[in-house]
$ cat query.cif   # mmCIF, C-alpha atoms and all ligand atoms
data_structure
#
loop_
_atom_site.label_atom_id
_atom_site.label_comp_id
_atom_site.auth_asym_id
_atom_site.auth_seq_id
_atom_site.Cartn_x
_atom_site.Cartn_y
_atom_site.Cartn_z
CA MET A 1331 64.67 96.32 109.11
CA VAL A 1332 62.58 95.81 106.00
CA ASN A 1333 61.15 92.51 104.87
CA HIS A 1334 63.30 91.80 101.82
CA ARG A 1335 66.41 91.59 104.02
CA ARG A 1336 64.94 88.60 105.83
CA GLU A 1337 65.05 86.56 102.66
CA ILE A 1338 68.78 86.98 102.12
CA ARG A 1339 71.22 87.24 105.01
CA PRO A 1340 73.23 90.37 104.29
CA LEU A 1341 77.02 90.58 104.27
CA VAL A 1342 79.06 93.59 105.36
CA ALA A 1343 82.61 93.12 104.14
CA GLY A 1344 85.55 95.42 104.77
CA ASN A 1345 88.25 95.51 102.11
CA TRP A 1346 91.45 96.83 103.65
CA LYS A 1347 93.19 96.95 100.24
CA MET A 1348 96.97 97.52 100.62
CA ASN A 1349 96.63 98.88 104.14
CA GLY A 1350 97.38 97.09 107.33
CA LEU A 1351 100.79 98.08 108.66
CA LYS A 1352 99.23 100.84 110.71
CA VAL A 1353 95.98 98.98 111.33
CA SER A 1354 96.37 96.62 114.23
CA PHE A 1355 94.65 93.37 114.99
CA GLY A 1356 92.95 95.39 117.71
CA GLU A 1357 90.58 96.84 115.09
CA VAL A 1358 89.45 93.37 114.02
CA GLN A 1359 89.29 92.24 117.62
CA ALA A 1360 87.07 95.21 118.48
CA VAL A 1361 84.72 94.30 115.64
CA GLY A 1362 84.58 90.69 116.82
CA ASP A 1363 84.08 91.67 120.45
CA ALA A 1364 81.20 93.97 119.53
CA LEU A 1365 79.53 91.19 117.56
CA LEU A 1366 79.78 88.91 120.57
CA GLY A 1367 78.56 91.64 122.91
CA PRO A 1368 76.48 94.76 122.22
CA LEU A 1369 75.95 93.94 118.55
CA ALA A 1370 75.12 90.27 119.03
CA SER A 1371 71.74 90.84 117.37
CA ILE A 1372 73.23 92.06 114.08
CA ALA A 1373 71.35 90.27 111.32
CA ALA A 1374 74.26 90.11 108.91
CA ASP A 1375 77.52 88.30 108.30
CA VAL A 1376 80.59 90.44 108.90
CA MET A 1377 83.84 89.97 107.01
CA ILE A 1378 87.27 91.59 106.74
CA ALA A 1379 89.56 91.20 103.73
CA PRO A 1380 92.99 92.23 105.02
CA PRO A 1381 96.20 91.90 103.02
CA ALA A 1382 96.96 88.19 102.59
CA THR A 1383 99.95 88.41 104.92
CA LEU A 1384 97.62 89.13 107.85
CA ILE A 1385 94.98 86.46 107.31
CA ALA A 1386 96.58 83.59 109.23
CA GLY A 1387 97.39 85.75 112.26
CA PHE A 1388 93.91 87.24 112.31
CA ALA A 1389 92.35 83.78 111.97
CA SER A 1390 94.15 82.46 115.03
CA GLY A 1391 93.67 85.69 117.01
CA LEU A 1392 89.95 85.91 116.34
CA GLY A 1393 89.13 82.59 117.94
CA ALA A 1394 85.36 82.33 118.29
CA ARG A 1395 84.66 85.95 117.36
CA PRO A 1396 82.21 85.94 114.44
CA VAL A 1397 84.30 87.79 111.85
CA LEU A 1398 84.84 86.05 108.52
CA LEU A 1399 88.13 86.56 106.65
CA ALA A 1400 88.66 86.95 102.93
CA GLY A 1401 91.48 87.41 100.46
CA GLN A 1402 91.51 90.34 98.04
CA ASP A 1403 92.51 88.37 94.94
CA CYS A 1404 93.69 84.90 93.94
CA HIS A 1405 95.38 83.18 91.02
CA ALA A 1406 93.27 80.95 88.81
CA LYS A 1407 95.58 77.99 89.41
CA ALA A 1408 96.10 76.06 92.64
CA SER A 1409 99.91 76.14 92.51
CA GLY A 1410 102.82 76.50 90.13
CA ALA A 1411 105.45 78.89 88.82
CA HIS A 1412 103.59 82.18 89.33
CA THR A 1413 105.91 84.45 91.27
CA GLY A 1414 104.15 86.84 93.60
CA ASP A 1415 100.74 85.26 93.22
CA ILE A 1416 98.63 83.48 95.80
CA SER A 1417 96.13 80.71 95.20
CA ALA A 1418 92.63 80.28 96.53
CA GLU A 1419 93.81 77.09 98.23
CA MET A 1420 96.49 79.07 100.08
CA LEU A 1421 93.94 81.65 101.24
CA LYS A 1422 91.71 78.86 102.47
CA ASP A 1423 94.64 77.27 104.28
CA ALA A 1424 95.41 80.60 105.97
CA GLY A 1425 91.87 80.84 107.33
CA ALA A 1426 89.91 82.71 104.67
CA SER A 1427 86.39 81.65 103.75
CA ALA A 1428 86.05 83.98 100.75
CA VAL A 1429 88.03 85.94 98.20
CA ILE A 1430 87.28 89.15 96.33
CA VAL A 1431 87.81 88.79 92.58
CA GLY A 1432 87.60 91.37 89.83
CA HIS A 1433 87.82 94.46 92.00
CA SER A 1434 88.04 97.48 89.72
CA GLU A 1435 91.51 98.22 91.10
CA ARG A 1436 92.61 94.77 89.87
CA ARG A 1437 90.88 95.28 86.54
CA ALA A 1438 92.53 98.72 86.14
CA ASP A 1439 95.97 98.14 87.72
CA HIS A 1440 96.52 94.63 86.39
CA GLY A 1441 94.44 94.64 83.23
CA GLU A 1442 92.23 91.81 84.46
CA THR A 1443 89.50 90.82 82.04
CA SER A 1444 86.12 89.39 82.97
CA GLU A 1445 87.29 86.05 81.55
CA GLN A 1446 90.20 86.05 83.99
CA VAL A 1447 87.91 87.11 86.81
CA ARG A 1448 85.63 84.18 86.06
CA ALA A 1449 88.61 81.79 86.15
CA LYS A 1450 89.56 83.22 89.55
CA ALA A 1451 85.99 82.81 90.81
CA GLU A 1452 86.05 79.20 89.60
CA ALA A 1453 89.34 78.72 91.45
CA ALA A 1454 87.70 80.10 94.59
CA HIS A 1455 84.87 77.60 94.26
CA ARG A 1456 87.31 74.75 93.67
CA ALA A 1457 89.07 75.68 96.91
CA GLY A 1458 85.81 75.91 98.82
CA LEU A 1459 85.86 79.70 99.08
CA VAL A 1460 83.01 82.09 98.43
CA ALA A 1461 83.81 84.26 95.39
CA ILE A 1462 82.93 87.94 95.79
CA VAL A 1463 82.71 89.08 92.17
CA CYS A 1464 83.07 92.84 91.65
CA ILE A 1465 81.56 94.79 88.77
CA GLY A 1466 80.94 98.48 88.11
CA GLU A 1467 81.06 101.27 85.59
CA THR A 1468 83.48 104.19 85.24
CA GLN A 1469 82.42 107.82 85.33
CA GLU A 1470 82.77 108.04 81.53
CA GLU A 1471 80.57 104.98 81.05
CA ARG A 1472 77.93 106.40 83.37
CA ALA A 1473 78.03 109.77 81.61
CA ALA A 1474 77.55 107.97 78.30
CA GLY A 1475 74.43 106.23 79.64
CA ALA A 1476 76.16 102.84 79.41
CA THR A 1477 76.00 101.83 83.09
CA LEU A 1478 73.53 98.96 82.75
CA ASP A 1479 75.22 97.61 79.62
CA VAL A 1480 78.66 97.67 81.22
CA VAL A 1481 77.50 96.10 84.46
CA SER A 1482 75.55 93.41 82.63
CA ARG A 1483 78.48 92.60 80.35
CA GLN A 1484 80.89 92.36 83.27
CA LEU A 1485 78.48 90.20 85.24
CA LYS A 1486 77.88 87.78 82.38
CA GLY A 1487 81.60 87.58 81.64
CA SER A 1488 82.74 87.17 85.24
CA MET A 1489 80.24 84.75 86.80
CA PRO A 1490 80.99 81.02 86.78
CA LYS A 1491 78.09 78.98 85.45
CA ALA A 1492 78.09 76.86 88.62
CA SER A 1493 77.53 79.87 90.85
CA THR A 1494 75.03 79.49 93.65
CA ALA A 1495 73.65 81.81 96.29
CA VAL A 1496 75.99 80.07 98.73
CA ASN A 1497 79.28 80.09 96.83
CA THR A 1498 79.07 83.50 95.14
CA VAL A 1499 78.39 87.11 96.09
CA VAL A 1500 78.18 89.99 93.62
CA ALA A 1501 79.51 93.42 94.57
CA TYR A 1502 78.35 96.40 92.51
CA GLU A 1503 80.94 99.12 92.86
CA PRO A 1504 80.69 102.15 90.59
CA VAL A 1505 84.36 102.95 89.95
CA TRP A 1506 83.74 106.68 90.31
CA ALA A 1507 82.33 106.19 93.81
CA ILE A 1508 85.34 104.29 95.15
CA GLY A 1509 87.37 106.36 97.59
CA THR A 1510 85.87 109.61 96.34
CA GLY A 1511 83.13 110.33 98.85
CA LEU A 1512 80.65 110.31 95.96
CA THR A 1513 77.77 107.86 95.86
CA PRO A 1514 74.94 107.19 93.42
CA THR A 1515 71.50 108.22 94.57
CA PRO A 1516 69.46 105.48 96.23
CA ASP A 1517 67.32 105.40 93.09
CA ASP A 1518 70.38 104.91 90.88
CA VAL A 1519 71.50 102.07 93.14
CA ARG A 1520 68.02 100.54 93.03
CA ILE A 1521 67.98 100.55 89.25
CA VAL A 1522 71.39 98.90 88.89
CA HIS A 1523 70.73 96.29 91.58
CA ALA A 1524 67.38 95.42 90.03
CA ALA A 1525 69.11 94.88 86.70
CA ILE A 1526 71.78 92.72 88.35
CA ARG A 1527 69.07 90.67 90.08
CA SER A 1528 67.29 90.12 86.81
CA ASP A 1529 70.53 89.13 85.07
CA LEU A 1530 71.40 86.72 87.88
CA VAL A 1531 68.10 84.89 87.57
CA HIS A 1532 68.58 84.73 83.82
CA LEU A 1533 72.18 83.50 84.16
CA ILE A 1534 71.93 80.90 86.90
CA GLY A 1535 68.22 80.35 87.40
CA PRO A 1536 66.18 80.60 90.62
CA GLU A 1537 69.37 80.65 92.72
CA GLY A 1538 69.97 84.10 91.35
CA ALA A 1539 67.02 85.42 93.31
CA HIS A 1540 68.79 84.52 96.55
CA MET A 1541 72.35 85.62 95.79
CA ARG A 1542 73.74 88.48 97.81
CA VAL A 1543 74.36 91.65 95.83
CA LEU A 1544 76.47 94.14 97.77
CA TYR A 1545 76.86 97.84 97.13
CA GLY A 1546 80.37 99.33 97.41
CA GLY A 1547 81.79 102.81 96.90
CA SER A 1548 82.14 105.44 99.66
CA VAL A 1549 79.89 103.61 102.12
CA LYS A 1550 80.26 105.55 105.37
CA PRO A 1551 78.53 105.55 108.76
CA ASP A 1552 76.29 108.43 107.69
CA ASN A 1553 75.01 106.90 104.44
CA ALA A 1554 75.04 103.18 105.25
CA ALA A 1555 71.48 102.88 106.53
CA THR A 1556 70.10 104.65 103.45
CA LEU A 1557 72.12 102.61 100.97
CA MET A 1558 71.48 99.32 102.77
CA SER A 1559 67.73 99.92 102.76
CA VAL A 1560 67.58 100.01 98.95
CA GLU A 1561 65.77 97.06 97.42
CA ASN A 1562 68.11 94.26 96.28
CA VAL A 1563 71.02 95.66 98.27
CA ASN A 1564 72.11 92.79 100.49
CA GLY A 1565 75.04 94.37 102.24
CA ALA A 1566 78.13 96.44 101.59
CA LEU A 1567 81.71 96.18 100.41
CA VAL A 1568 83.45 98.88 102.42
CA GLY A 1569 86.91 100.25 101.71
CA GLY A 1570 88.28 103.21 103.66
CA ALA A 1571 85.68 103.14 106.42
CA SER A 1572 86.53 99.52 107.26
CA LEU A 1573 89.98 100.43 108.56
CA LYS A 1574 88.63 101.86 111.80
CA ALA A 1575 86.54 99.55 113.97
CA SER A 1576 84.21 102.30 115.19
CA ASP A 1577 83.37 103.41 111.63
CA PHE A 1578 82.99 99.86 110.35
CA LEU A 1579 80.75 98.94 113.27
CA ALA A 1580 78.63 102.02 112.65
CA ILE A 1581 78.07 100.69 109.12
CA VAL A 1582 77.37 97.18 110.39
CA ARG A 1583 74.70 98.70 112.65
CA ALA A 1584 72.58 99.33 109.56
CA TYR A 1585 71.58 95.70 110.17
CA GLU A 1586 70.92 95.99 113.88
CA THR A 1587 67.61 94.42 114.74
CA PRO A 1588 65.22 96.57 116.74
O1 LIG A 1601 86.24 97.36 98.00
C1 LIG A 1601 85.83 98.43 98.44
C2 LIG A 1601 85.54 99.53 97.58
O2 LIG A 1601 86.52 99.73 96.62
C3 LIG A 1601 85.03 100.77 98.24
O3 LIG A 1601 86.07 101.58 98.74
P1 LIG A 1601 85.66 102.91 99.55
O4 LIG A 1601 84.66 102.50 100.58
O5 LIG A 1601 86.96 103.39 100.15
O6 LIG A 1601 85.07 103.84 98.56
#
$ encode --input "query.cif" --output "structure tokens" --more "lines below"
Ligand SMILES: O=C[C@H](O)COP(=O)(O)O
Amino acid sequence: MVNHRREIRPLVAGNWKMNGLKVSFGEVQAVGDALLGPLASIAADVMIAPPATLIAGFASGLGARPVLLAGQDCHAKASGAHTGDISAEMLKDAGASAVIVGHSERRADHGETSEQVRAKAEAAHRAGLVAIVCIGETQEERAAGATLDVVSRQLKGSMPKASTAVNTVVAYEPVWAIGTGLTPTPDDVRIVHAAIRSDLVHLIGPEGAHMRVLYGGSVKPDNAATLMSVENVNGALVGGASLKASDFLAIVRAYETP
């Protein structure tokens, strides 16, 4: 473990996306059991964001196991005539302590703008949830040399002004790395995370130096330790590899203390 990790407690979060019917509670239970047993010395918070329908059951089944639960999206309002939506308050009531907002799949599939993402993050804060704000460039934007501009614009547009290192987490997820098996080089990750760190300090002041900035996009057991050791990477947002407890735990082990 390198020194900079001691300053910010990392977070390893698994985003199950629209999967769960074939993924049993046993996977979450196995993660929780490992954190109580052989992996009790993991120096990181561990979180699962299952489909919203599973949160309440997982919350009661987990008991004292140290696995945090998160939603994958929320509406900007607390309640009302919004068929099919779910509010941050409802996620909190079900047992979530956080919610992912602005994932690139939401931005692409549902046309979500950074302004809407910021409203959702504000809703999360209002409900007492941690907002995990996702940003990241497409392959075309990277090829055009626009990565830092895009990421900076999304960050500035999506972050609530009242964000703190406690109520907000940033997740940098290059769109082209999601579910593809491709990842940026550690140096590419370092450059983007350094720019995000600098923007955070500029946007919200000294708190920005302490906010967790996760990397996401094809994090797997065999690349987790390398990616997690990059400066200003304070954990991971894991998709596919979070569906199997053994893979997810292998990623979590990047934060095993010696
Ligand atoms: O939210 C998670 C990310 O979209 C990463 O997904 P992935 O690990 O399957 O590439």
$ closest_atom_pairs --input "query.cif" --of "chain A" --to "ligand LIG 1601 (chain A)" --cutoff "9 Å" --atoms "only C-alpha atoms and all ligand atoms" --output "Markdown table"
| residue | atom | partner | partner_atom | distance |
| --- | --- | --- | --- | --- |
| A:Ala1343 | CA | A:LIG1601 | O1 | 8.3 |
| A:Gly1344 | CA | A:LIG1601 | C1 | 7.0 |
| A:Asn1345 | CA | A:LIG1601 | O1 | 4.9 |
| A:Trp1346 | CA | A:LIG1601 | O1 | 7.7 |
| A:Lys1347 | CA | A:LIG1601 | O1 | 7.3 |
| A:Gln1402 | CA | A:LIG1601 | O1 | 8.8 |
| A:Ile1430 | CA | A:LIG1601 | O1 | 8.4 |
| A:His1433 | CA | A:LIG1601 | O1 | 6.8 |
| A:Ser1434 | CA | A:LIG1601 | O2 | 7.4 |
| A:Glu1435 | CA | A:LIG1601 | O2 | 7.6 |
| A:Cys1464 | CA | A:LIG1601 | O1 | 8.4 |
| A:Ala1501 | CA | A:LIG1601 | O1 | 8.5 |
| A:Glu1503 | CA | A:LIG1601 | C2 | 6.6 |
| A:Pro1504 | CA | A:LIG1601 | O2 | 8.7 |
| A:Val1505 | CA | A:LIG1601 | O2 | 7.7 |
| A:Trp1506 | CA | A:LIG1601 | O6 | 8.8 |
| A:Ala1507 | CA | A:LIG1601 | O6 | 6.0 |
| A:Ile1508 | CA | A:LIG1601 | O6 | 3.5 |
| A:Gly1509 | CA | A:LIG1601 | O6 | 3.5 |
| A:Thr1510 | CA | A:LIG1601 | O6 | 6.2 |
| A:Gly1511 | CA | A:LIG1601 | O6 | 6.8 |
| A:Leu1512 | CA | A:LIG1601 | O6 | 8.3 |
| A:Thr1513 | CA | A:LIG1601 | O6 | 8.8 |
| A:Tyr1545 | CA | A:LIG1601 | C3 | 8.8 |
| A:Gly1546 | CA | A:LIG1601 | C3 | 4.9 |
| A:Gly1547 | CA | A:LIG1601 | O6 | 3.8 |
| A:Ser1548 | CA | A:LIG1601 | O6 | 3.5 |
| A:Val1549 | CA | A:LIG1601 | O4 | 5.1 |
| A:Lys1550 | CA | A:LIG1601 | O4 | 7.2 |
| A:Ala1566 | CA | A:LIG1601 | C1 | 8.6 |
| A:Leu1567 | CA | A:LIG1601 | C1 | 5.1 |
| A:Val1568 | CA | A:LIG1601 | O4 | 4.2 |
| A:Gly1569 | CA | A:LIG1601 | O3 | 3.4 |
| A:Gly1570 | CA | A:LIG1601 | O5 | 3.8 |
| A:Ala1571 | CA | A:LIG1601 | O4 | 6.0 |
| A:Ser1572 | CA | A:LIG1601 | O4 | 7.5 |
$ atom_distance --input "query.cif" --atom1 "CA of Leu1341 (chain A)" --atom2 "CA of Glu1442 (chain A)"
25.0 Å
$ residues_around --input "query.cif" --residues "Arg1456 (chain A)" --least-positions-apart "6" --cutoff "9 Å" --atoms "all atoms listed in the file" --output "list in words"
Ala1408, Ala1418 and Glu1419 of chain A
$ residues_around --input "query.cif" --residues "Thr1556 (chain A)" --least-positions-apart "3" --cutoff "12 Å" --atoms "all atoms listed in the file" --output "ChimeraX atom specification"
/A:1331-1332,1513-1517,1519-1520,1545,1549-1553,1559-1561,1563,1565-1566,1581,1583-1585
$ atom_distance --input "query.cif" --atom1 "CA of Val1481 (chain A)" --atom2 "CA of Ala1525 (chain A)"
8.8 Å
$ atom_distance --input "query.cif" --atom1 "CA of Leu1544 (chain A)" --atom2 "CA of Asn1562 (chain A)"
8.5 Å
$ closest_residue --input "query.cif" --among "A:Val1353, A:Val1342, A:Gln1359, A:Leu1485" --to "Ile1372 (chain A)" --atoms "only C-alpha atoms"
A:Val1342
